[in-house]
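Dumped run-v4.txt below, it's compact mmCIF, N, CA and C atoms:
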# COMPACT_ATOMS: atom_id res chain seq x y z
N MET A 23 72.01 -19.28 -17.49
CA MET A 23 70.89 -20.01 -18.05
C MET A 23 70.24 -19.16 -19.14
N THR A 24 69.42 -19.80 -19.93
CA THR A 24 68.78 -19.15 -21.06
C THR A 24 67.27 -19.27 -20.93
N ARG A 25 66.58 -18.20 -21.30
CA ARG A 25 65.12 -18.23 -21.26
C ARG A 25 64.58 -18.67 -22.61
N TYR A 26 63.51 -19.45 -22.55
CA TYR A 26 62.84 -19.96 -23.74
C TYR A 26 61.35 -19.67 -23.65
N LEU A 27 60.78 -19.34 -24.80
CA LEU A 27 59.35 -19.17 -24.93
C LEU A 27 58.79 -20.47 -25.49
N ILE A 28 57.86 -21.06 -24.78
CA ILE A 28 57.16 -22.26 -25.24
C ILE A 28 55.72 -21.82 -25.46
N SER A 29 55.22 -21.99 -26.69
CA SER A 29 53.90 -21.44 -26.99
C SER A 29 53.10 -22.37 -27.89
N PHE A 30 51.80 -22.09 -27.96
CA PHE A 30 50.92 -22.83 -28.85
C PHE A 30 49.94 -21.88 -29.51
N ASP A 31 49.44 -22.29 -30.68
CA ASP A 31 48.49 -21.48 -31.43
C ASP A 31 47.10 -21.56 -30.82
N ASP A 32 46.38 -20.46 -30.92
CA ASP A 32 44.98 -20.43 -30.52
C ASP A 32 44.23 -21.47 -31.34
N GLY A 33 43.42 -22.26 -30.69
CA GLY A 33 42.67 -23.29 -31.39
C GLY A 33 43.39 -24.62 -31.48
N ALA A 34 44.64 -24.68 -31.03
CA ALA A 34 45.41 -25.92 -31.12
C ALA A 34 44.94 -26.97 -30.11
N MET A 35 44.37 -26.50 -29.01
CA MET A 35 43.90 -27.43 -27.98
C MET A 35 42.51 -27.93 -28.38
N THR A 36 42.48 -29.10 -29.00
CA THR A 36 41.22 -29.67 -29.45
C THR A 36 40.98 -30.99 -28.75
N PHE A 37 40.06 -30.98 -27.83
CA PHE A 37 39.66 -32.17 -27.10
C PHE A 37 38.23 -31.94 -26.62
N PRO A 38 37.53 -33.00 -26.27
CA PRO A 38 36.15 -32.83 -25.81
C PRO A 38 36.09 -31.94 -24.56
N GLU A 39 35.10 -31.09 -24.50
CA GLU A 39 34.98 -30.13 -23.40
C GLU A 39 34.95 -30.81 -22.03
N GLU A 40 34.39 -32.00 -21.96
CA GLU A 40 34.33 -32.69 -20.67
C GLU A 40 35.70 -33.11 -20.16
N GLU A 41 36.72 -33.07 -21.03
CA GLU A 41 38.09 -33.39 -20.62
C GLU A 41 38.86 -32.18 -20.12
N LEU A 42 38.26 -30.98 -20.19
CA LEU A 42 38.94 -29.75 -19.78
C LEU A 42 39.46 -29.82 -18.34
N PRO A 43 38.68 -30.30 -17.37
CA PRO A 43 39.24 -30.36 -16.01
C PRO A 43 40.51 -31.22 -15.91
N ALA A 44 40.55 -32.33 -16.62
CA ALA A 44 41.75 -33.19 -16.60
C ALA A 44 42.93 -32.50 -17.27
N VAL A 45 42.68 -31.81 -18.38
CA VAL A 45 43.75 -31.08 -19.08
C VAL A 45 44.26 -29.95 -18.20
N ALA A 46 43.35 -29.23 -17.55
CA ALA A 46 43.75 -28.12 -16.67
C ALA A 46 44.59 -28.65 -15.52
N GLU A 47 44.20 -29.74 -14.91
CA GLU A 47 44.97 -30.30 -13.79
C GLU A 47 46.34 -30.77 -14.26
N ALA A 48 46.40 -31.42 -15.41
CA ALA A 48 47.69 -31.88 -15.94
C ALA A 48 48.60 -30.69 -16.23
N SER A 49 48.02 -29.63 -16.80
CA SER A 49 48.80 -28.42 -17.11
C SER A 49 49.31 -27.76 -15.85
N HIS A 50 48.46 -27.65 -14.84
CA HIS A 50 48.88 -27.05 -13.57
C HIS A 50 49.94 -27.90 -12.88
N ALA A 51 49.87 -29.21 -13.04
CA ALA A 51 50.88 -30.08 -12.46
C ALA A 51 52.25 -29.83 -13.09
N VAL A 52 52.29 -29.62 -14.40
CA VAL A 52 53.57 -29.32 -15.08
C VAL A 52 54.10 -27.96 -14.60
N VAL A 53 53.23 -26.99 -14.44
CA VAL A 53 53.66 -25.67 -13.93
C VAL A 53 54.25 -25.83 -12.53
N ARG A 54 53.57 -26.57 -11.66
CA ARG A 54 54.09 -26.79 -10.30
C ARG A 54 55.45 -27.49 -10.35
N GLU A 55 55.59 -28.48 -11.24
CA GLU A 55 56.86 -29.18 -11.39
C GLU A 55 57.96 -28.22 -11.83
N ALA A 56 57.66 -27.36 -12.79
CA ALA A 56 58.64 -26.38 -13.26
C ALA A 56 58.98 -25.37 -12.17
N GLN A 57 57.99 -24.96 -11.39
CA GLN A 57 58.24 -24.05 -10.27
C GLN A 57 59.14 -24.73 -9.23
N ASP A 58 58.83 -25.97 -8.90
CA ASP A 58 59.64 -26.71 -7.92
C ASP A 58 61.07 -26.92 -8.42
N ALA A 59 61.23 -27.05 -9.74
CA ALA A 59 62.56 -27.23 -10.32
C ALA A 59 63.31 -25.91 -10.45
N GLY A 60 62.61 -24.80 -10.20
CA GLY A 60 63.25 -23.49 -10.28
C GLY A 60 63.45 -22.96 -11.68
N VAL A 61 62.71 -23.50 -12.67
CA VAL A 61 62.89 -23.05 -14.05
C VAL A 61 61.72 -22.20 -14.57
N TRP A 62 60.63 -22.16 -13.83
CA TRP A 62 59.43 -21.42 -14.27
C TRP A 62 59.66 -19.93 -14.10
N VAL A 63 59.38 -19.15 -15.15
CA VAL A 63 59.46 -17.70 -15.09
C VAL A 63 58.05 -17.11 -15.08
N PHE A 64 57.26 -17.47 -16.11
CA PHE A 64 55.92 -16.90 -16.24
C PHE A 64 55.19 -17.62 -17.35
N GLY A 65 53.88 -17.58 -17.32
CA GLY A 65 53.11 -18.16 -18.42
C GLY A 65 51.64 -17.85 -18.27
N GLY A 66 50.90 -18.14 -19.31
CA GLY A 66 49.46 -17.97 -19.25
C GLY A 66 48.81 -18.12 -20.61
N GLY A 67 47.49 -18.23 -20.57
CA GLY A 67 46.71 -18.26 -21.79
C GLY A 67 46.39 -16.84 -22.20
N LEU A 68 46.11 -16.65 -23.47
CA LEU A 68 45.78 -15.33 -23.98
C LEU A 68 44.32 -15.28 -24.40
N GLU A 69 43.69 -14.16 -24.13
CA GLU A 69 42.31 -13.96 -24.55
C GLU A 69 42.25 -14.04 -26.06
N SER A 70 41.42 -14.92 -26.57
CA SER A 70 41.34 -15.18 -27.99
C SER A 70 40.95 -13.94 -28.79
N GLN A 71 41.74 -13.66 -29.82
CA GLN A 71 41.45 -12.61 -30.79
C GLN A 71 41.30 -11.21 -30.18
N GLN A 72 41.94 -10.94 -29.08
CA GLN A 72 41.83 -9.64 -28.44
C GLN A 72 43.13 -8.85 -28.55
N ALA A 73 43.67 -8.77 -29.74
CA ALA A 73 44.95 -8.09 -29.95
C ALA A 73 44.73 -6.69 -30.53
N SER A 74 45.63 -5.79 -30.20
CA SER A 74 45.69 -4.47 -30.81
C SER A 74 47.14 -4.23 -31.20
N VAL A 75 47.33 -3.50 -32.29
CA VAL A 75 48.67 -3.16 -32.75
C VAL A 75 48.86 -1.66 -32.54
N VAL A 76 49.95 -1.30 -31.85
CA VAL A 76 50.29 0.11 -31.63
C VAL A 76 51.49 0.43 -32.51
N ALA A 77 51.31 1.33 -33.47
CA ALA A 77 52.37 1.72 -34.40
C ALA A 77 53.36 2.66 -33.72
N THR A 78 54.47 2.90 -34.37
CA THR A 78 55.49 3.78 -33.81
C THR A 78 54.99 5.20 -33.62
N ASP A 79 53.97 5.59 -34.35
CA ASP A 79 53.41 6.93 -34.18
C ASP A 79 52.27 6.97 -33.16
N GLY A 80 52.01 5.83 -32.52
CA GLY A 80 50.97 5.76 -31.50
C GLY A 80 49.61 5.37 -32.03
N THR A 81 49.46 5.23 -33.33
CA THR A 81 48.19 4.80 -33.91
C THR A 81 47.86 3.39 -33.44
N VAL A 82 46.60 3.17 -33.02
CA VAL A 82 46.17 1.86 -32.54
C VAL A 82 45.22 1.25 -33.56
N THR A 83 45.50 0.01 -33.92
CA THR A 83 44.65 -0.74 -34.83
C THR A 83 44.29 -2.06 -34.16
N ASP A 84 43.00 -2.41 -34.18
CA ASP A 84 42.61 -3.70 -33.63
C ASP A 84 43.03 -4.80 -34.58
N GLY A 85 43.38 -5.94 -34.05
CA GLY A 85 43.81 -7.08 -34.84
C GLY A 85 43.39 -8.34 -34.11
N PRO A 86 43.88 -9.50 -34.44
CA PRO A 86 44.76 -9.74 -35.57
C PRO A 86 44.02 -9.60 -36.89
N TYR A 87 44.75 -9.63 -37.94
CA TYR A 87 44.18 -9.41 -39.26
C TYR A 87 43.79 -10.73 -39.89
N PRO A 88 42.81 -10.72 -40.81
CA PRO A 88 42.36 -11.97 -41.44
C PRO A 88 43.48 -12.76 -42.11
N GLU A 89 44.50 -12.09 -42.62
CA GLU A 89 45.59 -12.82 -43.28
C GLU A 89 46.52 -13.52 -42.29
N THR A 90 46.33 -13.28 -40.99
CA THR A 90 47.15 -13.94 -39.99
C THR A 90 46.86 -15.43 -40.00
N LYS A 91 47.89 -16.23 -40.13
CA LYS A 91 47.70 -17.67 -40.20
C LYS A 91 47.63 -18.30 -38.81
N ALA A 92 48.33 -17.73 -37.84
CA ALA A 92 48.34 -18.30 -36.50
C ALA A 92 48.28 -17.17 -35.48
N VAL A 93 47.53 -17.42 -34.43
CA VAL A 93 47.40 -16.46 -33.35
C VAL A 93 47.84 -17.16 -32.08
N LEU A 94 48.69 -16.53 -31.31
CA LEU A 94 49.20 -17.13 -30.08
C LEU A 94 48.05 -17.37 -29.10
N GLY A 95 47.94 -18.59 -28.62
CA GLY A 95 46.87 -18.95 -27.68
C GLY A 95 47.33 -18.98 -26.24
N GLY A 96 48.59 -19.28 -26.01
CA GLY A 96 49.13 -19.33 -24.67
C GLY A 96 50.63 -19.55 -24.72
N PHE A 97 51.28 -19.34 -23.58
CA PHE A 97 52.73 -19.43 -23.57
C PHE A 97 53.25 -19.71 -22.17
N SER A 98 54.48 -20.18 -22.13
CA SER A 98 55.24 -20.35 -20.90
C SER A 98 56.64 -19.81 -21.17
N VAL A 99 57.24 -19.22 -20.17
CA VAL A 99 58.63 -18.80 -20.25
C VAL A 99 59.38 -19.56 -19.17
N ILE A 100 60.42 -20.26 -19.59
CA ILE A 100 61.25 -21.01 -18.64
C ILE A 100 62.69 -20.56 -18.77
N ASP A 101 63.47 -20.81 -17.73
CA ASP A 101 64.88 -20.45 -17.70
C ASP A 101 65.66 -21.72 -17.42
N VAL A 102 66.32 -22.26 -18.45
CA VAL A 102 67.00 -23.55 -18.35
C VAL A 102 68.40 -23.46 -18.95
N PRO A 103 69.26 -24.44 -18.64
CA PRO A 103 70.63 -24.39 -19.14
C PRO A 103 70.80 -24.61 -20.63
N SER A 104 69.86 -25.34 -21.27
CA SER A 104 70.09 -25.67 -22.69
C SER A 104 68.78 -25.80 -23.45
N ARG A 105 68.91 -25.78 -24.77
CA ARG A 105 67.76 -26.00 -25.64
C ARG A 105 67.17 -27.39 -25.42
N GLU A 106 68.04 -28.36 -25.19
CA GLU A 106 67.56 -29.72 -24.91
C GLU A 106 66.65 -29.73 -23.70
N ASP A 107 67.01 -29.00 -22.66
CA ASP A 107 66.16 -28.90 -21.47
C ASP A 107 64.83 -28.24 -21.81
N ALA A 108 64.89 -27.19 -22.62
CA ALA A 108 63.66 -26.51 -23.02
C ALA A 108 62.75 -27.45 -23.81
N LEU A 109 63.31 -28.26 -24.67
CA LEU A 109 62.52 -29.21 -25.45
C LEU A 109 61.88 -30.27 -24.55
N LYS A 110 62.59 -30.67 -23.50
CA LYS A 110 62.01 -31.63 -22.55
C LYS A 110 60.81 -31.03 -21.82
N TRP A 111 60.93 -29.76 -21.41
CA TRP A 111 59.80 -29.10 -20.75
C TRP A 111 58.66 -28.90 -21.73
N ALA A 112 58.97 -28.57 -22.97
CA ALA A 112 57.93 -28.39 -23.99
C ALA A 112 57.18 -29.71 -24.21
N ALA A 113 57.89 -30.82 -24.17
CA ALA A 113 57.24 -32.13 -24.33
C ALA A 113 56.26 -32.39 -23.19
N LYS A 114 56.64 -32.01 -21.98
CA LYS A 114 55.75 -32.18 -20.83
C LYS A 114 54.51 -31.30 -20.97
N ILE A 115 54.72 -30.07 -21.42
CA ILE A 115 53.60 -29.14 -21.61
C ILE A 115 52.70 -29.64 -22.73
N ALA A 116 53.29 -30.12 -23.82
CA ALA A 116 52.51 -30.62 -24.94
C ALA A 116 51.63 -31.80 -24.52
N ALA A 117 52.19 -32.71 -23.74
CA ALA A 117 51.41 -33.86 -23.28
C ALA A 117 50.27 -33.42 -22.37
N ALA A 118 50.56 -32.46 -21.48
CA ALA A 118 49.53 -31.99 -20.54
C ALA A 118 48.42 -31.22 -21.26
N CYS A 119 48.80 -30.35 -22.18
CA CYS A 119 47.84 -29.50 -22.90
C CYS A 119 47.20 -30.20 -24.09
N ARG A 120 47.79 -31.33 -24.47
CA ARG A 120 47.30 -32.11 -25.62
C ARG A 120 47.39 -31.32 -26.93
N CYS A 121 48.48 -30.55 -27.05
CA CYS A 121 48.71 -29.86 -28.32
C CYS A 121 50.20 -29.57 -28.48
N ALA A 122 50.62 -29.47 -29.73
CA ALA A 122 52.02 -29.20 -30.04
C ALA A 122 52.45 -27.85 -29.49
N GLN A 123 53.71 -27.75 -29.15
CA GLN A 123 54.29 -26.53 -28.59
C GLN A 123 55.46 -26.07 -29.46
N GLU A 124 55.59 -24.76 -29.64
CA GLU A 124 56.72 -24.18 -30.35
C GLU A 124 57.73 -23.69 -29.32
N VAL A 125 59.00 -23.92 -29.55
CA VAL A 125 60.06 -23.52 -28.62
C VAL A 125 60.97 -22.52 -29.31
N ARG A 126 61.14 -21.37 -28.67
CA ARG A 126 62.01 -20.33 -29.23
C ARG A 126 62.87 -19.75 -28.11
N GLU A 127 64.15 -19.54 -28.42
CA GLU A 127 65.06 -18.93 -27.45
C GLU A 127 64.80 -17.43 -27.38
N ILE A 128 64.76 -16.91 -26.17
CA ILE A 128 64.60 -15.48 -25.97
C ILE A 128 65.99 -14.85 -25.93
N MET A 129 66.18 -13.79 -26.68
CA MET A 129 67.49 -13.14 -26.71
C MET A 129 67.80 -12.57 -25.33
N PRO A 130 69.07 -12.56 -24.96
CA PRO A 130 69.46 -12.04 -23.64
C PRO A 130 69.08 -10.56 -23.49
N ASP A 131 68.74 -10.21 -22.28
CA ASP A 131 68.45 -8.81 -21.95
C ASP A 131 69.76 -8.02 -22.07
N ALA A 132 69.67 -6.84 -22.62
CA ALA A 132 70.85 -6.00 -22.82
C ALA A 132 71.55 -5.68 -21.49
N THR A 133 70.82 -5.76 -20.38
CA THR A 133 71.41 -5.45 -19.08
C THR A 133 72.07 -6.66 -18.43
N ASP A 134 71.90 -7.85 -19.03
CA ASP A 134 72.49 -9.06 -18.45
C ASP A 134 73.97 -9.13 -18.71

Output the structure of this file as structure tokens.
Amino acid sequence: MTRYLISFDDGAMTFPEEELPAVAEASHAVVREAQDAGVWVFGGGLESQQASVVATDGTVTDGPYPETKAVLGGFSVIDVPSREDALKWAAKIAAACRCAQEVREIMPDATD
């Protein structure tokens, strides 16, 4: 099987605040479905704008930078047989979260 990263940009989830409980429940339902199907690896939301960059020399710089066009807001990692399967899960996540999702294949681990 292949692992896929399904992610969305920070700020992409735009809906009235009073709908947050319904969105959260729908999102958790998709996670439970993926867990029950045995394809869920890991996922979560990211603290907004709390990034740091560590250079190869160990220098730490706070980020993201103003020129950054998109900042990752949250992600899911799933392990499925095909890209088509990953796109189907992304569609479920998009509907639950009410925002578009980006799907990217994760390269195989060198030890696999």

Among chain A, which ones does DSSP assign to alpha helix (DSSP H) (computed from the backbone)? Answer as a VMD selection string.
chain A and resid 42 to 59 105 to 119

Can you list, as JSON, numbers by chain, every residue of range 37-109 of chain A that DSSP puts in strand (DSSP E)?
{"A": [62, 63, 64, 65, 66, 67, 73, 74, 75, 76, 82, 83, 84, 85, 94, 95, 96, 97, 98, 99, 100, 101, 102]}

Leu94 in chain A surroundings by all atoms listed in the file, 5 Å radius, close-in-sequence under 4 positions cut, as a count of residues only:
3

What separates CA of Cys119 in chain A and CA of Val45 in chain A is a distance of 5.8 Å

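Restricting the calculation to all atoms listed in the file, the smallest distance between Cys121 in chain A and any of A:Thr36, A:Pro103, A:Arg25, A:Val53 is found for A:Thr36.
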
Kindly indicate which residue among A:Gly80, A:Gly66, A:Gly96, A:Pro130 lies nearest to Ile28 in chain A, using all atoms listed in the file for the distances.
A:Gly96

Pick from A:Val125, A:Ala48, A:Ala34, A:Met23 nearest to Ala112 in chain A, counting only N, CA and C atoms
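The answer is A:Val125, which sits nearest to Ala112 in chain A.
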
Between CA of Pro43 in chain A and CA of Asp58 in chain A, what distance in Å does the model show, to one decimal?
22.2 Å

In Å to one decimal, how far is atom N of Val63 in chain A from CA of Val93 in chain A?
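Here the two named atoms are 22.0 Å from each other.
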
Would you list the contacts of Val102 in chain A as a list in words, taking every protein, DNA or RNA residue within 8 Å and counting only C-alpha atoms, but skipping same-chain residues closer than 4 positions in sequence?
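Close residues of Val102 in chain A: Met23, Thr24, Arg25, Tyr26, Val61, Asp107 and Ala108 of chain A.
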
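Nearest residue to Ile115 in chain A, choosing from A:Glu127, A:Val82, A:Ser29, A:Ala77 and counting only C-alpha atoms: A:Ser29.
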